[in-house]
Structures are given as structure tokens and as C-alpha cells.
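Visitor: Please see the structure below; I have some questions.
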Number of protein chains: 2
Amino acid sequence: MSQTEVNYGNRQDHLAMAMKAANIEAMALNAGPSLTYLSGLHFHLSERPVVGLFTPHLPPVIILPELEAGKLSNLPYQVESFTYGEDPDTWQASFRDGVLAAEFSDLRVGVEPRRLRVLELTFLENVDAGMKFVSGEACLAEIRMQKDEAEQAAMQKAVNTAQDALEATLPVIKPGITERELAAELMVGLLRGGSESQVPFAPIVASGPNSANPHAFPSDRRLERGDQLIIDWGANIGGYFSDLTRTFAIGEPQDEMNLIAQIVLQANEAAREKAGPGIPAQDVDRAARQVIEDAGFGEFFIHRTGHGLGMEGHEHPYIREGNLLPLAPGMTFTIEPGIYLPNKGGVRIEDDVVVTNDGILSFSDMPRALRTLGD
Amino acid sequence: MSQTEVNYGNRQDHLAMAMKAANIEAMALNAGPSLTYLSGLHFHLSERPVVGLFTPHLPPVIILPELEAGKLSNLPYQVESFTYGEDPDTWQASFRDGVLAAEFSDLRVGVEPRRLRVLELTFLENVDAGMKFVSGEACLAEIRMQKDEAEQAAMQKAVNTAQDALEATLPVIKPGITERELAAELMVGLLRGGSESQVPFAPIVASGPNSANPHAFPSDRRLERGDQLIIDWGANIGGYFSDLTRTFAIGEPQDEMNLIAQIVLQANEAAREKAGPGIPAQDVDRAARQVIEDAGFGEFFIHRTGHGLGMEGHEHPYIREGNLLPLAPGMTFTIEPGIYLPNKGGVRIEDDVVVTNDGILSFSDMPRALRTLGD
């Protein structure tokens, strides 16, 4: 989505309302998706800190390097900016000016614990203006979790792009290709299909025993006949992500792998059937987990059933035991049960879904059953 | 480099020596290149915190999610690990156990301000063991700045891969292609050439007036005859990065752009001639800046001359005014002067170099002068 299609003033007003309910008086956000969501501005996270300070009823304050200042021209809303040069000894002064301009003194200031670094925190704390820092994560989740139509359309496109890229890559999946080569070919397909270069994560290609590790990095292992193959990949369209997983067999699948693939498929279906408006997030996890436990593989489903997805690869809502949050229309998340048998292999089937008024819609529709390739 | 080629025990010993000199008694590192450098372990930075605790004379302590624990098997050194499950309410207990096992109580603990997040800091602080957190950045820079032969070889390969990818992409650079399409083709070339999918940064392709913004993101702007074109790109080989920039003219260059391209080339040459062992980093910046100032364009060279490069896209040593650090053999950094004329266009020429016993070696040797394309 381009800056001009989004009303950032509205988003900032929504934040102010959520902050009021949470007793948070201001918000300090460093370079990252929440700052982009609220401002339309993109910054790399680097050694040069960028912070946006949001105080209700004041224009946002942005502290940033001089060489990024060009990004502030032509913004569709008012902003007050404080820039600094290349000598880190001078940066504290800009933070001081910014914090005072945002009238932060003695306020309860929300931050994102998963994003804000000791770097930015220290510059803010050193202003010594009596601020108390608290987690603003719940406020930001509240305004970002339910995606509007344009956001959902971007996610659908990110899913389509990912699915098309994998379909186009299937012909090269044969015994002899390495995991790393396969991951590169899939990335090529994503880019050719229109994904931004900054994909949510580098594709995971895990074959044979490596597929028993849910977060494996692609290695130089060559695919062999009889392997399991897990591919976990996603695209980025306009800053919105997809995150899918499908599992394949290279040649005839082993009996045990065939069995767990069927169980995981049933778990994925059970979770998709359970999910809908008003359903607590943990019930979706329980629906998938029950299937796997009933089949006797509970101890090998070693992660939650899913996570929110949008401008971040992992965001709220988390689909896990203990999360009582009721799902609501527009929430987008993954459903990705898996079974991992150490030293043998694993199966994971991951879809991206959005909550509708009466259930969910799965953005992804690529065949979910174990597919045999390379025969 | 594979885990087995590196002596991580030696690296941990070097850290202990640097810490002693800096009066730092322990080190807490989250997922990132320093943790990887010291442990050989790769973790994604995510909502699940991973922290390595290094106390001299004790085995490293790693606090990590259960689903990542498989990465600790077959390590070539001893490690003590504390894992946690999917419920964030249980994570604090693992941090407590880990901090106590690492005997952190009342110690001065070094952290990386640019890497450690409020997330990990809060879990550590909540153990309430009387630790005092200080910046360990200088210690880590000290042990990581001077690259050994294997590291330099990886960087040379990352430069070669990047140069080959751009050469292979040149034929598609013609009026009509968009910046985004060109960036995607270049990424394809990087991946086909063997780069890891996680490149140091998504290629910057900035054409026409966009080239006046040093940190532009590729847009849907189509290249036009008469454009300047800045391409800033890099590869990742075995976790080591390249970071290069070359500037092109689409068709016959404008006179003013031709002029600034010649000046920037001279500035790049002056900096490369100046750099060598014992030379303060700021003198390299001054050498480039002097050329540009003498030509009357000083106000348009709006950033430092370079930055360290290795396992991070930006690291020590920073090549900027005020940095008196004497360069030493094995240090690797960029030399990248530029001139940016607002609303017109810019020129940047960036090389990756390593300090030798009597000067520098440039890993990059692609032609630096303004090249005309698409005619």
C-alpha cells in the first residue's frame, strides 16, 4: 500500500484511544513495523537509532539521522523532526530535544520490548525527564491485529505469490539437489513473482533427518530418495507477509512418515474448523493438539499451533495454550501443526487464515496432503 | 565456515581477555552475530528470546526455546542450557536458572546496546541478582574487528559473488525497467551465484532523482534515458557479507553528473591510498572528504566515508571524523564516498577493503568510473 492510500492520522487516533484505555500516556517506537504502520515511514534498523515519539494531541516527533531526513518530505500529516550527524557523541542532544518537544517529562511511556533496543532506551533514559517505561505491546497489537480490506488484499497477494513460486519450483525438486540450492531457486521464484526482496524469512528447506528440526537452516545436504522434505516459505507484498509450509516425499514415502502426514493434515483441518469469531485462541491450538495427542504423537508436536501474521512474521494473536484472547473478524494468523520424530523426519502443514464473520477464510489453498516428488 | 573449522574455545578465551582489560566480568548476548561468532550457533531474532551468558572459567550458558534445543547437540565445546516452552509466563524461570548457573550475581555484565532488546534486558533484570549492565560493544569489536584468513576468504568470495551477479544483470538495465524489477533480477543473480538468502540488505536501486537519497528503497519508477542509477548491493557467503556500490548513466550522462562522478572517483581513490595500518580511521574519511570539499561539493557528501563489514552489514571500525582508532591488519571496512544533489541525482562508489601489513587490499575491483548502459 502506498502512503497516500492510508489515513495515518486515523491510525494515530486509534493508538491514542488504545493508550488511554491502557493508562499509557505516550509511545516511543524505534524503526520497525509499528512505526511504519503509524507513520508510513520505512527505516532500516541500524546503528543509527530512529525513534518516533507519539503523544496524543501533539504531532509525532521523529528523531533520525540527517541522511534519512529526505523521507519526511511530502508526508500527508504534520511531524516534528530532530536530526543528528555522523558523530555518536552528538546524538544524545537530539534525543533530548525530541523528548522535550514531545512533552514526555514524567509520562508513562509505552515501548515495544521485542523491538526497542538498549541503544534507543539508553538515549531516552539519559534525557532524565522522569519517564516511566512500560510495555506498549498490547496497545499496538490491539490496533494492528484486525486487518482492514487493503491489508487483507495484500496478504492474499503475498500468499498467491508464495504458492505460485513454489509450484514453479517443484520441477527442480529431485534427488541430488541440495537444500541450499532449492532454497535459492524458491527465492528466485518469489522475487520473479513480485515479492519484495525483504522476505519475512529466508525459506526453510529441511530434508531427511533435518526435517525433524522445525527451525532448520538450509544446508548442503543433497536430497535422497525416501526423504521427507519440509518447505517453509513466504513472500512480502507491500510490506505484508505470507508464511506457508508444505511437506513432500522424495520418491515413495516411508510408512511412518505417511502416517504422521495424515495425522498432521487432520490436525490442520481441525484447527481451521475450530477457528472463528469469539473463539479463544487457545481453543484453536487445542483442536489441533487433540488430534495429534489422540494419535499418540503428542510429545512430538513441540510448538504452538500458530502465530499472528501481517507486517511481522510473528505477531499477535499467538495460537497457543493459555491465550484466552477471543478471535475477531480481520485477525490474521497461521495454522501450522507439526510432528517431528528425532533423527527420522517431520511433517508440518501451515496455512495463513483470516477470521471472518462466521469462521475463517484460508488465504492458502495449495494441496495440503503429502505429495510425492522427484519420481 | 562450518562449525568444525573454527575453534570457539579460543574465541571465548579472547573475549575473556578483552573483558578483563575492560573491567567487564560477564557478557550477555542475544541472538545475533556476536553470539554466532562465539558459539557457532545461529538463531533467528524473534519473540522467543535466546541469550548466551559468558562468564570466564565457566562453560557458556544458553537460554533458549525448547524447539531450538536440537541446535546444541554435537557442539565441539561444553555448554549448559536452559530451555523454555511456549507459554511466556514460564520464561522468567528459565532466565533465573540460567543467570544463577552463569554465576552472574553482582557482576558487571556487558551487553550489546545495538542488539539486546528490552525483551531480554527485562528478563535478565527481573532475576534481581544485583547485576550492573554496561556496554560490551568495544570488547566485542576488539575481538571481531581483525578478520582471520578464513574470514577474509569468505568476504572475498562474497565480493566476487556480488560483482558477478551485477555483471550478469547489466544487460537488463535499460529504459523502461522499474527499480523494483531490477533489484529482483540482481537478487536472483546473487542467489544463483551462491549467496545465502539472508543478504546483508535488500539491494538499493535508486534512479534519477531517487539517487539523491542514499538510503532509497527500490520503487516502481521506470528507468529513463538521462538517468543516474545507483546500485548498492551485497552477498552473504557463510555468514560474511559484501557491500558494494556502483553508479551508472542510462544513455549519455548529464554534464553535472559526469563531473560529480569524477570527483567521487577521486575521493574513493584518495581514501584507498590513505588507508593502512596505524592510520587513524578519521584520516581515511578526511582524505575522501578533502577531495569533495576542494571541488566545492562538500555540503553534498552527507555521510561518513565507510563502516566496518564482516558478519554485520555495519560494524566497527567506522570511517568517520572523530574516530581516532588506528587501523590494523585484518580490519575490513567499506570506502564509499558520495555526492547527492537534491532533486537531481547522486553518485556513490563503494569498495570493500582489508588492511594489510603495508596498506589495504580492495576485495572489489569492478570498474569504478561512471558506466553508460542501455544505449
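By order of appearance in the C-alpha cells: chains A, B, ..., then residues from 1 within every chain, and ligands from 1 in the order shown.
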Just want the 12 Å neighbourhood of range 176-182 of chain A, counted on only C-alpha atoms, with same-chain residues fewer than 3 positions away dropped. Output as a CSV table (one decimal) with C-alpha atoms, in the first residue's frame.
Guide:
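Saved file result_27.csv follows:
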```csv
chain,number,residue,atom,x,y,z
A,165,ALA,CA,6.7,-19.6,-6.6
A,166,LEU,CA,6.7,-23.0,-5.0
A,168,ALA,CA,7.1,-23.1,-10.3
A,169,THR,CA,10.0,-24.6,-8.3
A,170,LEU,CA,8.5,-28.1,-7.9
A,171,PRO,CA,10.1,-29.4,-11.1
A,172,VAL,CA,13.7,-28.9,-9.8
A,173,ILE,CA,13.0,-30.9,-6.6
A,185,GLU,CA,15.5,-21.4,-6.6
A,186,LEU,CA,12.5,-20.8,-4.4
A,187,MET,CA,13.7,-17.3,-3.6
A,188,VAL,CA,14.2,-16.6,-7.3
A,189,GLY,CA,10.6,-17.7,-7.9
A,202,ALA,CA,14.7,-17.0,4.3
A,203,PRO,CA,13.0,-20.1,3.0
A,204,ILE,CA,13.4,-23.2,5.2
A,205,VAL,CA,14.3,-26.3,3.2
A,206,ALA,CA,14.8,-29.2,5.5
A,207,SER,CA,15.2,-32.7,4.1
A,208,GLY,CA,15.5,-36.2,5.6
A,210,ASN,CA,16.9,-32.3,9.1
A,211,SER,CA,13.1,-32.0,8.7
A,216,ALA,CA,16.5,-25.8,10.4
A,217,PHE,CA,18.7,-23.6,8.2
A,218,PRO,CA,19.1,-24.9,4.6
A,219,SER,CA,22.3,-27.0,4.4
A,220,ASP,CA,24.4,-28.5,1.7
A,221,ARG,CA,22.7,-31.9,2.2
A,222,ARG,CA,21.5,-33.4,-1.1
A,223,LEU,CA,18.0,-34.7,-1.3
A,224,GLU,CA,17.8,-38.5,-1.4
A,225,ARG,CA,15.1,-40.9,-2.4
A,227,ASP,CA,13.5,-38.3,2.2
A,228,GLN,CA,10.9,-36.2,3.9
A,229,LEU,CA,11.1,-32.6,2.7
A,230,ILE,CA,9.6,-29.7,4.6
A,231,ILE,CA,9.5,-26.3,2.8
A,232,ASP,CA,8.5,-23.3,4.9
A,233,TRP,CA,8.5,-20.0,2.9
A,250,ILE,CA,11.1,-37.7,-2.4
A,374,GLY,CA,11.1,-36.5,-8.0
B,191,LEU,CA,21.2,-16.3,-5.1
B,192,ARG,CA,22.1,-18.2,-8.3
B,193,GLY,CA,25.7,-17.2,-7.6
B,194,GLY,CA,25.6,-19.0,-4.2
B,195,SER,CA,24.7,-16.2,-1.8
B,196,GLU,CA,22.8,-17.2,1.3
B,197,SER,CA,19.2,-16.0,1.1
B,198,GLN,CA,19.8,-13.7,4.0
B,237,ILE,CA,28.8,-16.2,1.9
B,238,GLY,CA,29.0,-18.4,5.0
```
Visitor: Where in range 108-201 of chain A does DSSP assign strand (DSSP E or B), given as a list in words?
Guide: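 Output for range 108-201 of chain A, strand (DSSP E or B) only: Arg108, Val109, Gly110, Val111, Arg117, Lys132, Phe133, Val134, Ser135, Gln146 and Thr178 of chain A.
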Visitor: Restrict the selected residues to all heavy atoms and save them as a short mmCIF file (atom, residue, chain, number, x, y, z; two decimals), in the first residue's frame.
Guide:
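Result file result-v6.cif:
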```
data_model
loop_
_atom_site.label_atom_id
_atom_site.label_comp_id
_atom_site.auth_asym_id
_atom_site.auth_seq_id
_atom_site.Cartn_x
_atom_site.Cartn_y
_atom_site.Cartn_z
N ARG A 108 4.10 8.13 31.56
CA ARG A 108 4.19 6.67 31.39
C ARG A 108 4.31 6.41 29.89
O ARG A 108 3.35 6.64 29.14
CB ARG A 108 2.92 5.98 31.90
CG ARG A 108 2.90 5.73 33.40
CD ARG A 108 1.52 5.22 33.82
NE ARG A 108 1.20 3.94 33.21
CZ ARG A 108 1.56 2.76 33.73
NH1 ARG A 108 2.25 2.72 34.86
NH2 ARG A 108 1.23 1.64 33.13
N VAL A 109 5.48 5.94 29.46
CA VAL A 109 5.79 5.82 28.03
C VAL A 109 5.79 4.34 27.62
O VAL A 109 6.55 3.54 28.18
CB VAL A 109 7.16 6.45 27.71
CG1 VAL A 109 7.51 6.24 26.24
CG2 VAL A 109 7.15 7.93 28.07
N GLY A 110 4.96 4.01 26.66
CA GLY A 110 4.92 2.65 26.14
C GLY A 110 6.05 2.41 25.15
O GLY A 110 6.36 3.29 24.34
N VAL A 111 6.66 1.24 25.23
CA VAL A 111 7.68 0.83 24.25
C VAL A 111 7.37 -0.60 23.81
O VAL A 111 6.54 -1.28 24.41
CB VAL A 111 9.11 0.89 24.84
CG1 VAL A 111 9.44 2.29 25.35
CG2 VAL A 111 9.30 -0.14 25.95
N ARG A 117 15.68 -1.38 21.49
CA ARG A 117 16.97 -1.91 21.93
C ARG A 117 17.53 -1.08 23.08
O ARG A 117 17.09 0.05 23.33
CB ARG A 117 17.95 -1.89 20.76
CG ARG A 117 17.47 -2.70 19.57
CD ARG A 117 18.36 -2.50 18.37
NE ARG A 117 18.34 -1.11 17.90
CZ ARG A 117 19.04 -0.66 16.87
NH1 ARG A 117 19.85 -1.47 16.21
NH2 ARG A 117 18.96 0.60 16.50
N LYS A 132 8.50 6.91 32.86
CA LYS A 132 8.45 5.52 33.30
C LYS A 132 8.12 4.69 32.07
O LYS A 132 7.11 4.90 31.40
CB LYS A 132 7.38 5.36 34.37
CG LYS A 132 7.24 3.93 34.87
CD LYS A 132 6.36 3.86 36.11
CE LYS A 132 5.92 2.42 36.39
NZ LYS A 132 6.99 1.42 36.32
N PHE A 133 9.00 3.73 31.75
CA PHE A 133 8.79 2.93 30.54
C PHE A 133 8.02 1.66 30.86
O PHE A 133 8.35 0.95 31.82
CB PHE A 133 10.14 2.59 29.89
CG PHE A 133 10.85 3.80 29.38
CD1 PHE A 133 11.85 4.43 30.14
CD2 PHE A 133 10.51 4.36 28.16
CE1 PHE A 133 12.49 5.57 29.68
CE2 PHE A 133 11.14 5.50 27.69
CZ PHE A 133 12.13 6.12 28.46
N VAL A 134 6.98 1.42 30.08
CA VAL A 134 6.16 0.22 30.27
C VAL A 134 5.95 -0.43 28.90
O VAL A 134 6.24 0.18 27.86
CB VAL A 134 4.79 0.59 30.89
CG1 VAL A 134 4.97 1.21 32.27
CG2 VAL A 134 4.02 1.53 29.97
N SER A 135 5.46 -1.66 28.89
CA SER A 135 5.23 -2.32 27.61
C SER A 135 3.99 -1.75 26.93
O SER A 135 2.90 -1.73 27.52
CB SER A 135 5.06 -3.82 27.78
OG SER A 135 4.71 -4.39 26.52
N GLN A 146 -6.43 -6.54 13.83
CA GLN A 146 -7.54 -6.71 12.88
C GLN A 146 -7.22 -5.95 11.60
O GLN A 146 -7.21 -4.73 11.58
CB GLN A 146 -8.84 -6.24 13.51
CG GLN A 146 -9.36 -7.24 14.55
CD GLN A 146 -10.52 -6.71 15.34
OE1 GLN A 146 -10.34 -6.10 16.39
NE2 GLN A 146 -11.72 -6.92 14.83
N THR A 178 20.73 -29.81 -3.56
CA THR A 178 20.96 -29.54 -2.14
C THR A 178 19.82 -28.66 -1.60
O THR A 178 19.15 -27.96 -2.36
CB THR A 178 22.29 -28.82 -1.88
OG1 THR A 178 22.21 -27.49 -2.38
CG2 THR A 178 23.45 -29.55 -2.53
#
```
Visitor: Can you pull out the residues contacting range 321-338 of chain A? Cut-off 6 Å, using only C-alpha atoms, and skip same-chain residues under 6 positions away; I want them as a VMD selection string.
Guide: chain A and resid 145 to 147 264 277 to 282 301 305 to 309 347 to 357
Visitor: Using DSSP on the backbone coordinates, identify the residues of range 173-350 of chain B assigned to alpha helix (DSSP H); present them as a PyMOL selection string.
Guide: chain B and resi 179-192+255-274+281-294
Visitor: Go ahead and write the selection's residues with C-alpha atoms as a compact mmCIF listing (two decimals), in the first residue's frame.
Guide:
```txt
# COMPACT_ATOMS: atom_id res chain seq x y z
CA GLU B 179 13.83 -0.09 -9.91
CA ARG B 180 11.99 -2.91 -8.17
CA GLU B 181 12.27 -5.27 -11.16
CA LEU B 182 15.97 -4.52 -11.45
CA ALA B 183 16.50 -5.14 -7.73
CA ALA B 184 14.72 -8.50 -8.05
CA GLU B 185 16.88 -9.55 -11.03
CA LEU B 186 20.00 -8.63 -9.07
CA MET B 187 18.82 -10.69 -6.10
CA VAL B 188 18.22 -13.61 -8.46
CA GLY B 189 21.81 -13.26 -9.64
CA LEU B 190 23.10 -13.19 -6.05
CA LEU B 191 21.19 -16.35 -5.13
CA ARG B 192 22.13 -18.21 -8.33
CA ASP B 255 27.38 17.05 -17.63
CA GLU B 256 26.90 17.76 -13.91
CA MET B 257 26.56 14.06 -13.12
CA ASN B 258 29.66 13.29 -15.16
CA LEU B 259 31.52 15.89 -13.12
CA ILE B 260 30.45 14.60 -9.69
CA ALA B 261 31.17 11.03 -10.79
CA GLN B 262 34.77 12.01 -11.50
CA ILE B 263 35.09 13.79 -8.16
CA VAL B 264 33.67 10.84 -6.22
CA LEU B 265 36.03 8.50 -8.03
CA GLN B 266 38.98 10.66 -6.98
CA ALA B 267 37.67 10.71 -3.40
CA ASN B 268 37.36 6.93 -3.39
CA GLU B 269 40.93 6.62 -4.71
CA ALA B 270 42.27 9.11 -2.15
CA ALA B 271 40.69 7.17 0.71
CA ARG B 272 42.02 3.85 -0.55
CA GLU B 273 45.50 5.34 -0.87
CA LYS B 274 45.35 6.84 2.62
CA ALA B 281 40.11 5.84 10.85
CA GLN B 282 39.18 9.52 10.65
CA ASP B 283 42.13 10.22 8.34
CA VAL B 284 40.58 7.95 5.72
CA ASP B 285 37.35 9.92 5.99
CA ARG B 286 39.28 13.17 5.75
CA ALA B 287 41.15 12.04 2.63
CA ALA B 288 37.89 11.41 0.76
CA ARG B 289 36.16 14.47 2.16
CA GLN B 290 39.02 16.79 1.26
CA VAL B 291 38.73 15.89 -2.43
CA ILE B 292 35.00 16.56 -2.43
CA GLU B 293 35.30 19.77 -0.44
CA ASP B 294 38.07 21.06 -2.68
```
Visitor: Could you name the residues that touch Asn7 in chain A at 10 Å or less, counting only C-alpha atoms, but leaving out those on the same chain fewer than 4 positions away, as a PyMOL selection string?
Guide: chain A and resi 3+11-12+38-40+76-77
